[in-house]
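Source file: run-v3.txt; contents: compact mmCIF, N, CA and C atoms.
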```txt
# COMPACT_ATOMS: atom_id res chain seq x y z
N MET A 1 -68.71 -55.85 -42.28
CA MET A 1 -67.80 -56.43 -41.32
C MET A 1 -66.82 -57.37 -42.03
N LYS A 2 -65.57 -57.31 -41.64
CA LYS A 2 -64.52 -58.10 -42.25
C LYS A 2 -64.50 -59.52 -41.68
N THR A 3 -64.32 -60.49 -42.58
CA THR A 3 -64.19 -61.87 -42.14
C THR A 3 -62.70 -62.20 -42.07
N ILE A 4 -62.28 -62.73 -40.96
CA ILE A 4 -60.88 -63.09 -40.79
C ILE A 4 -60.74 -64.59 -40.98
N GLU A 5 -59.87 -64.96 -41.93
CA GLU A 5 -59.63 -66.37 -42.20
C GLU A 5 -58.50 -66.87 -41.31
N LYS A 6 -58.72 -67.99 -40.68
CA LYS A 6 -57.68 -68.57 -39.83
C LYS A 6 -56.59 -69.15 -40.72
N THR A 7 -55.36 -68.94 -40.32
CA THR A 7 -54.22 -69.46 -41.05
C THR A 7 -53.56 -70.52 -40.20
N ASN A 8 -53.36 -71.67 -40.81
CA ASN A 8 -52.70 -72.76 -40.12
C ASN A 8 -51.20 -72.64 -40.37
N VAL A 9 -50.45 -72.33 -39.35
CA VAL A 9 -49.01 -72.12 -39.48
C VAL A 9 -48.31 -73.38 -39.99
N ASP A 10 -48.75 -74.53 -39.55
CA ASP A 10 -48.14 -75.78 -40.00
C ASP A 10 -48.30 -75.96 -41.51
N ASP A 11 -49.47 -75.60 -42.04
CA ASP A 11 -49.69 -75.70 -43.49
C ASP A 11 -48.76 -74.75 -44.25
N ILE A 12 -48.60 -73.54 -43.74
CA ILE A 12 -47.71 -72.56 -44.38
C ILE A 12 -46.28 -73.08 -44.37
N LEU A 13 -45.84 -73.62 -43.24
CA LEU A 13 -44.47 -74.14 -43.15
C LEU A 13 -44.27 -75.33 -44.08
N GLN A 14 -45.27 -76.18 -44.21
CA GLN A 14 -45.16 -77.32 -45.12
C GLN A 14 -45.04 -76.85 -46.56
N ARG A 15 -45.83 -75.85 -46.93
CA ARG A 15 -45.75 -75.32 -48.30
C ARG A 15 -44.39 -74.66 -48.54
N ALA A 16 -43.89 -73.93 -47.55
CA ALA A 16 -42.57 -73.30 -47.69
C ALA A 16 -41.49 -74.36 -47.85
N ASP A 17 -41.54 -75.42 -47.05
CA ASP A 17 -40.56 -76.50 -47.16
C ASP A 17 -40.62 -77.15 -48.54
N ALA A 18 -41.84 -77.34 -49.06
CA ALA A 18 -42.00 -77.94 -50.38
C ALA A 18 -41.39 -77.05 -51.46
N LEU A 19 -41.58 -75.74 -51.36
CA LEU A 19 -41.00 -74.81 -52.34
C LEU A 19 -39.47 -74.79 -52.25
N ILE A 20 -38.95 -74.82 -51.05
CA ILE A 20 -37.49 -74.86 -50.87
C ILE A 20 -36.93 -76.14 -51.48
N LYS A 21 -37.58 -77.26 -51.24
CA LYS A 21 -37.13 -78.53 -51.80
C LYS A 21 -37.19 -78.49 -53.32
N GLU A 22 -38.26 -77.93 -53.87
CA GLU A 22 -38.38 -77.81 -55.32
C GLU A 22 -37.24 -76.97 -55.89
N GLY A 23 -36.92 -75.88 -55.22
CA GLY A 23 -35.82 -75.03 -55.66
C GLY A 23 -34.48 -75.75 -55.63
N LYS A 24 -34.21 -76.46 -54.54
CA LYS A 24 -32.96 -77.20 -54.43
C LYS A 24 -32.88 -78.31 -55.46
N ASP A 25 -34.00 -79.02 -55.68
CA ASP A 25 -34.02 -80.08 -56.69
C ASP A 25 -33.73 -79.52 -58.07
N PHE A 26 -34.29 -78.35 -58.37
CA PHE A 26 -34.04 -77.74 -59.66
C PHE A 26 -32.57 -77.38 -59.81
N LEU A 27 -32.00 -76.76 -58.79
CA LEU A 27 -30.59 -76.38 -58.87
C LEU A 27 -29.70 -77.61 -59.05
N LEU A 28 -30.01 -78.68 -58.36
CA LEU A 28 -29.25 -79.91 -58.51
C LEU A 28 -29.39 -80.47 -59.92
N SER A 29 -30.59 -80.40 -60.48
CA SER A 29 -30.81 -80.92 -61.83
C SER A 29 -30.04 -80.11 -62.88
N GLU A 30 -29.78 -78.86 -62.58
CA GLU A 30 -29.01 -78.00 -63.48
C GLU A 30 -27.51 -78.09 -63.22
N GLY A 31 -27.14 -78.95 -62.28
CA GLY A 31 -25.72 -79.10 -61.97
C GLY A 31 -25.18 -78.00 -61.09
N LYS A 32 -26.06 -77.29 -60.44
CA LYS A 32 -25.65 -76.18 -59.57
C LYS A 32 -26.06 -76.50 -58.15
N VAL A 33 -25.11 -76.51 -57.27
CA VAL A 33 -25.41 -76.75 -55.86
C VAL A 33 -25.08 -75.47 -55.11
N LEU A 34 -26.08 -74.88 -54.51
CA LEU A 34 -25.89 -73.62 -53.80
C LEU A 34 -26.40 -73.76 -52.38
N GLU A 35 -25.67 -73.19 -51.45
CA GLU A 35 -26.19 -73.07 -50.10
C GLU A 35 -26.99 -71.77 -50.12
N LEU A 36 -28.31 -71.89 -50.16
CA LEU A 36 -29.15 -70.73 -50.41
C LEU A 36 -29.00 -69.64 -49.35
N ALA A 37 -28.53 -69.97 -48.17
CA ALA A 37 -28.33 -68.96 -47.13
C ALA A 37 -27.21 -67.99 -47.51
N ASP A 38 -26.34 -68.39 -48.45
CA ASP A 38 -25.21 -67.55 -48.86
C ASP A 38 -25.55 -66.60 -50.00
N TRP A 39 -26.78 -66.63 -50.49
CA TRP A 39 -27.18 -65.89 -51.68
C TRP A 39 -28.37 -64.99 -51.39
N LEU A 40 -28.43 -63.86 -52.10
CA LEU A 40 -29.55 -62.92 -51.99
C LEU A 40 -30.07 -62.60 -53.37
N THR A 41 -31.34 -62.27 -53.48
CA THR A 41 -31.83 -61.73 -54.74
C THR A 41 -31.22 -60.34 -54.90
N ILE A 42 -31.28 -59.83 -56.10
CA ILE A 42 -30.71 -58.50 -56.34
C ILE A 42 -31.41 -57.46 -55.47
N ALA A 43 -32.73 -57.57 -55.34
CA ALA A 43 -33.47 -56.61 -54.51
C ALA A 43 -33.06 -56.72 -53.03
N GLU A 44 -32.90 -57.94 -52.54
CA GLU A 44 -32.47 -58.12 -51.15
C GLU A 44 -31.07 -57.57 -50.92
N TYR A 45 -30.17 -57.83 -51.89
CA TYR A 45 -28.80 -57.33 -51.79
C TYR A 45 -28.81 -55.80 -51.75
N ALA A 46 -29.58 -55.20 -52.65
CA ALA A 46 -29.65 -53.73 -52.72
C ALA A 46 -30.11 -53.15 -51.38
N GLN A 47 -31.11 -53.76 -50.80
CA GLN A 47 -31.62 -53.26 -49.52
C GLN A 47 -30.60 -53.46 -48.40
N LYS A 48 -29.99 -54.64 -48.34
CA LYS A 48 -29.04 -54.94 -47.26
C LYS A 48 -27.82 -54.02 -47.31
N TYR A 49 -27.28 -53.78 -48.52
CA TYR A 49 -26.04 -53.01 -48.64
C TYR A 49 -26.28 -51.56 -49.07
N ASN A 50 -27.56 -51.15 -49.09
CA ASN A 50 -27.92 -49.77 -49.37
C ASN A 50 -27.35 -49.26 -50.70
N VAL A 51 -27.58 -50.06 -51.76
CA VAL A 51 -27.22 -49.67 -53.12
C VAL A 51 -28.45 -49.89 -53.99
N THR A 52 -28.39 -49.42 -55.23
CA THR A 52 -29.53 -49.59 -56.13
C THR A 52 -29.39 -50.90 -56.91
N THR A 53 -30.52 -51.40 -57.37
CA THR A 53 -30.50 -52.61 -58.20
C THR A 53 -29.79 -52.32 -59.52
N GLN A 54 -29.88 -51.08 -59.99
CA GLN A 54 -29.19 -50.71 -61.23
C GLN A 54 -27.68 -50.80 -61.05
N LEU A 55 -27.18 -50.38 -59.89
CA LEU A 55 -25.75 -50.46 -59.63
C LEU A 55 -25.29 -51.92 -59.63
N ILE A 56 -26.08 -52.78 -59.02
CA ILE A 56 -25.73 -54.20 -58.99
C ILE A 56 -25.68 -54.76 -60.41
N SER A 57 -26.64 -54.40 -61.24
CA SER A 57 -26.63 -54.84 -62.63
C SER A 57 -25.38 -54.36 -63.36
N LYS A 58 -24.98 -53.14 -63.10
CA LYS A 58 -23.74 -52.59 -63.71
C LYS A 58 -22.52 -53.36 -63.22
N TRP A 59 -22.48 -53.69 -61.92
CA TRP A 59 -21.36 -54.47 -61.38
C TRP A 59 -21.27 -55.83 -62.07
N ILE A 60 -22.43 -56.43 -62.33
CA ILE A 60 -22.44 -57.72 -63.02
C ILE A 60 -21.91 -57.55 -64.44
N GLU A 61 -22.38 -56.53 -65.15
CA GLU A 61 -21.93 -56.26 -66.53
C GLU A 61 -20.43 -56.00 -66.59
N ARG A 62 -19.90 -55.26 -65.63
CA ARG A 62 -18.48 -54.88 -65.64
C ARG A 62 -17.57 -55.94 -65.03
N GLY A 63 -18.13 -56.97 -64.43
CA GLY A 63 -17.32 -58.03 -63.86
C GLY A 63 -16.90 -57.79 -62.42
N VAL A 64 -17.42 -56.73 -61.79
CA VAL A 64 -17.14 -56.51 -60.37
C VAL A 64 -17.69 -57.69 -59.58
N ILE A 65 -18.90 -58.10 -59.96
CA ILE A 65 -19.48 -59.34 -59.42
C ILE A 65 -19.20 -60.41 -60.47
N THR A 66 -18.35 -61.36 -60.13
CA THR A 66 -17.90 -62.35 -61.11
C THR A 66 -18.95 -63.43 -61.34
N GLU A 67 -18.70 -64.27 -62.34
CA GLU A 67 -19.61 -65.36 -62.67
C GLU A 67 -19.78 -66.32 -61.49
N ASN A 68 -18.77 -66.44 -60.65
CA ASN A 68 -18.86 -67.32 -59.49
C ASN A 68 -19.75 -66.75 -58.38
N ASP A 69 -20.01 -65.45 -58.46
CA ASP A 69 -20.78 -64.78 -57.42
C ASP A 69 -22.16 -64.34 -57.89
N TYR A 70 -22.58 -64.86 -59.05
CA TYR A 70 -23.86 -64.46 -59.64
C TYR A 70 -24.45 -65.67 -60.35
N VAL A 71 -25.74 -65.89 -60.17
CA VAL A 71 -26.40 -67.01 -60.84
C VAL A 71 -27.83 -66.61 -61.18
N GLU A 72 -28.27 -67.04 -62.37
CA GLU A 72 -29.66 -66.84 -62.77
C GLU A 72 -30.38 -68.16 -62.60
N VAL A 73 -31.49 -68.13 -61.90
CA VAL A 73 -32.30 -69.32 -61.70
C VAL A 73 -33.55 -69.11 -62.56
N GLY A 74 -33.41 -69.48 -63.83
CA GLY A 74 -34.43 -69.19 -64.84
C GLY A 74 -35.81 -69.69 -64.51
N LYS A 75 -35.93 -70.88 -63.98
CA LYS A 75 -37.24 -71.45 -63.69
C LYS A 75 -38.03 -70.57 -62.74
N PHE A 76 -37.34 -69.91 -61.83
CA PHE A 76 -38.01 -69.07 -60.84
C PHE A 76 -37.92 -67.59 -61.20
N GLY A 77 -37.26 -67.27 -62.29
CA GLY A 77 -37.15 -65.87 -62.70
C GLY A 77 -36.36 -65.02 -61.73
N LYS A 78 -35.40 -65.61 -61.06
CA LYS A 78 -34.62 -64.89 -60.06
C LYS A 78 -33.15 -64.84 -60.45
N LYS A 79 -32.52 -63.77 -60.07
CA LYS A 79 -31.08 -63.61 -60.20
C LYS A 79 -30.54 -63.51 -58.78
N LEU A 80 -29.54 -64.32 -58.47
CA LEU A 80 -28.99 -64.34 -57.13
C LEU A 80 -27.55 -63.85 -57.12
N VAL A 81 -27.20 -63.13 -56.08
CA VAL A 81 -25.86 -62.59 -55.88
C VAL A 81 -25.35 -63.12 -54.55
N ARG A 82 -24.09 -63.55 -54.55
CA ARG A 82 -23.50 -64.03 -53.29
C ARG A 82 -23.52 -62.89 -52.26
N ASP A 83 -23.82 -63.21 -51.04
CA ASP A 83 -23.97 -62.22 -49.97
C ASP A 83 -22.60 -61.83 -49.41
N VAL A 84 -21.87 -61.03 -50.17
CA VAL A 84 -20.62 -60.42 -49.72
C VAL A 84 -20.61 -58.97 -50.20
N ALA A 85 -19.86 -58.14 -49.52
CA ALA A 85 -19.79 -56.72 -49.91
C ALA A 85 -18.83 -56.57 -51.09
N TYR A 86 -19.33 -55.99 -52.16
CA TYR A 86 -18.51 -55.72 -53.36
C TYR A 86 -18.18 -54.24 -53.40
N LYS A 87 -17.06 -53.93 -54.03
CA LYS A 87 -16.67 -52.53 -54.21
C LYS A 87 -16.33 -52.31 -55.66
N ALA A 88 -16.83 -51.23 -56.22
CA ALA A 88 -16.58 -50.91 -57.62
C ALA A 88 -15.24 -50.22 -57.78
```
Output the file's structure as structure tokens, nothing else.
Amino acid sequence: MKTIEKTNVDDILQRADALIKEGKDFLLSEGKVLELADWLTIAEYAQKYNVTTQLISKWIERGVITENDYVEVGKFGKKLVRDVAYKA
């Protein structure tokens, strides 16, 4: 028989808020201020705009996605792309 563990939603929300704060603090410490709602990970962008992650990487390499529209957040191992539709 499976044991179901109760999840406290308030605890989950507190942990999520703490992670968001940590992320914002890190970006500020690096001199980068981003409104995170305006950015997507490469995987999220690919899914939203129905393109491949490889295509997005090529756009970054070729400059279709400019330096102002792309940021690497090294501490978290994430690459973020501004949430706008790009065309090659």
Separation of atom CA of A:Ile20 from atom CA of A:Arg82, in Å and rounded to one decimal:
17.9 Å
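Between atom CA of A:Lys79 and atom C of A:Trp59 the separation is 12.7 Å.
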Computed interatomic separation between atom CA of A:Glu67 and atom N of A:Gly23 (Å):
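Interatomic distance here is 21.6 Å.
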Using DSSP on the backbone coordinates, identify all residues within stretch 13-72 of chain A classified as helix (DSSP H, G or I); present the result as a ChimeraX atom specification.
/A:13-29,36-38,42-49,53-62,67-69
Would you please work out which residue, of A:Asp38, A:Asp25, A:Asp69, A:Asp10, is nearest to A:Ile56 when using only C-alpha atoms?
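Among A:Asp38, A:Asp25, A:Asp69, A:Asp10, it is A:Asp69 that comes nearest to A:Ile56.
Those residues that approach A:Ile42 to within 8 Å, counting all atoms listed in the file, are Trp39, Tyr45, Ala46, Gln47, Lys48, Thr52, Thr53, Gln54, Ile56, Ser57, Lys78, Lys79, Leu80 and Val81 of chain A; same-chain residues fewer than 3 positions away are not listed.
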Identify, with DSSP run on backbone atoms, the residues in stretch 5-77 of chain A assigned to strand (DSSP E or B), and express the list as a list in words.
Trp39, Leu40, Thr41, Tyr70, Val71, Glu72 and Val73 of chain A
Residues within 12 Å of A:Lys87, please, as a list in words. Count only C-alpha atoms; anything in the same chain fewer than 2 positions from it doesn't count.
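So, after excluding close chain neighbours, the residues are Tyr49, Val51, Leu55, Ile56, Lys58, Trp59, Ile60, Arg62, Gly63, Val64, Ile65, Val84 and Ala85 of chain A.
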Since we have the selection now, will you write its residues out, keeping N, CA and C atoms, as an mmCIF file, keeping the file's coordinate frame?
```cif
data_model
loop_
_atom_site.group_PDB
_atom_site.id
_atom_site.type_symbol
_atom_site.label_atom_id
_atom_site.label_comp_id
_atom_site.auth_asym_id
_atom_site.auth_seq_id
_atom_site.Cartn_x
_atom_site.Cartn_y
_atom_site.Cartn_z
ATOM 1 N N TYR A 49 -27.280 -53.780 -48.520
ATOM 2 C CA TYR A 49 -26.040 -53.010 -48.640
ATOM 3 C C TYR A 49 -26.280 -51.560 -49.070
ATOM 4 N N VAL A 51 -27.580 -50.060 -51.760
ATOM 5 C CA VAL A 51 -27.220 -49.670 -53.120
ATOM 6 C C VAL A 51 -28.450 -49.890 -53.990
ATOM 7 N N LEU A 55 -27.180 -50.380 -59.890
ATOM 8 C CA LEU A 55 -25.750 -50.460 -59.630
ATOM 9 C C LEU A 55 -25.290 -51.920 -59.630
ATOM 10 N N ILE A 56 -26.080 -52.780 -59.020
ATOM 11 C CA ILE A 56 -25.730 -54.200 -58.990
ATOM 12 C C ILE A 56 -25.680 -54.760 -60.410
ATOM 13 N N LYS A 58 -24.980 -53.140 -63.100
ATOM 14 C CA LYS A 58 -23.740 -52.590 -63.710
ATOM 15 C C LYS A 58 -22.520 -53.360 -63.220
ATOM 16 N N TRP A 59 -22.480 -53.690 -61.920
ATOM 17 C CA TRP A 59 -21.360 -54.470 -61.380
ATOM 18 C C TRP A 59 -21.270 -55.830 -62.070
ATOM 19 N N ILE A 60 -22.430 -56.430 -62.330
ATOM 20 C CA ILE A 60 -22.440 -57.720 -63.020
ATOM 21 C C ILE A 60 -21.910 -57.550 -64.440
ATOM 22 N N ARG A 62 -19.900 -55.260 -65.630
ATOM 23 C CA ARG A 62 -18.480 -54.880 -65.640
ATOM 24 C C ARG A 62 -17.570 -55.940 -65.030
ATOM 25 N N GLY A 63 -18.130 -56.970 -64.430
ATOM 26 C CA GLY A 63 -17.320 -58.030 -63.860
ATOM 27 C C GLY A 63 -16.900 -57.790 -62.420
ATOM 28 N N VAL A 64 -17.420 -56.730 -61.790
ATOM 29 C CA VAL A 64 -17.140 -56.510 -60.370
ATOM 30 C C VAL A 64 -17.690 -57.690 -59.580
ATOM 31 N N ILE A 65 -18.900 -58.100 -59.960
ATOM 32 C CA ILE A 65 -19.480 -59.340 -59.420
ATOM 33 C C ILE A 65 -19.200 -60.410 -60.470
ATOM 34 N N VAL A 84 -21.870 -61.030 -50.170
ATOM 35 C CA VAL A 84 -20.620 -60.420 -49.720
ATOM 36 C C VAL A 84 -20.610 -58.970 -50.200
ATOM 37 N N ALA A 85 -19.860 -58.140 -49.520
ATOM 38 C CA ALA A 85 -19.790 -56.720 -49.910
ATOM 39 C C ALA A 85 -18.830 -56.570 -51.090
#
```
Shortest interatomic distance to A:Leu19 - which of A:Thr7, A:Ala43, A:Asn68, A:Phe76, counting only C-alpha atoms:
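Among the listed residues, the smallest separation from A:Leu19 belongs to A:Phe76.
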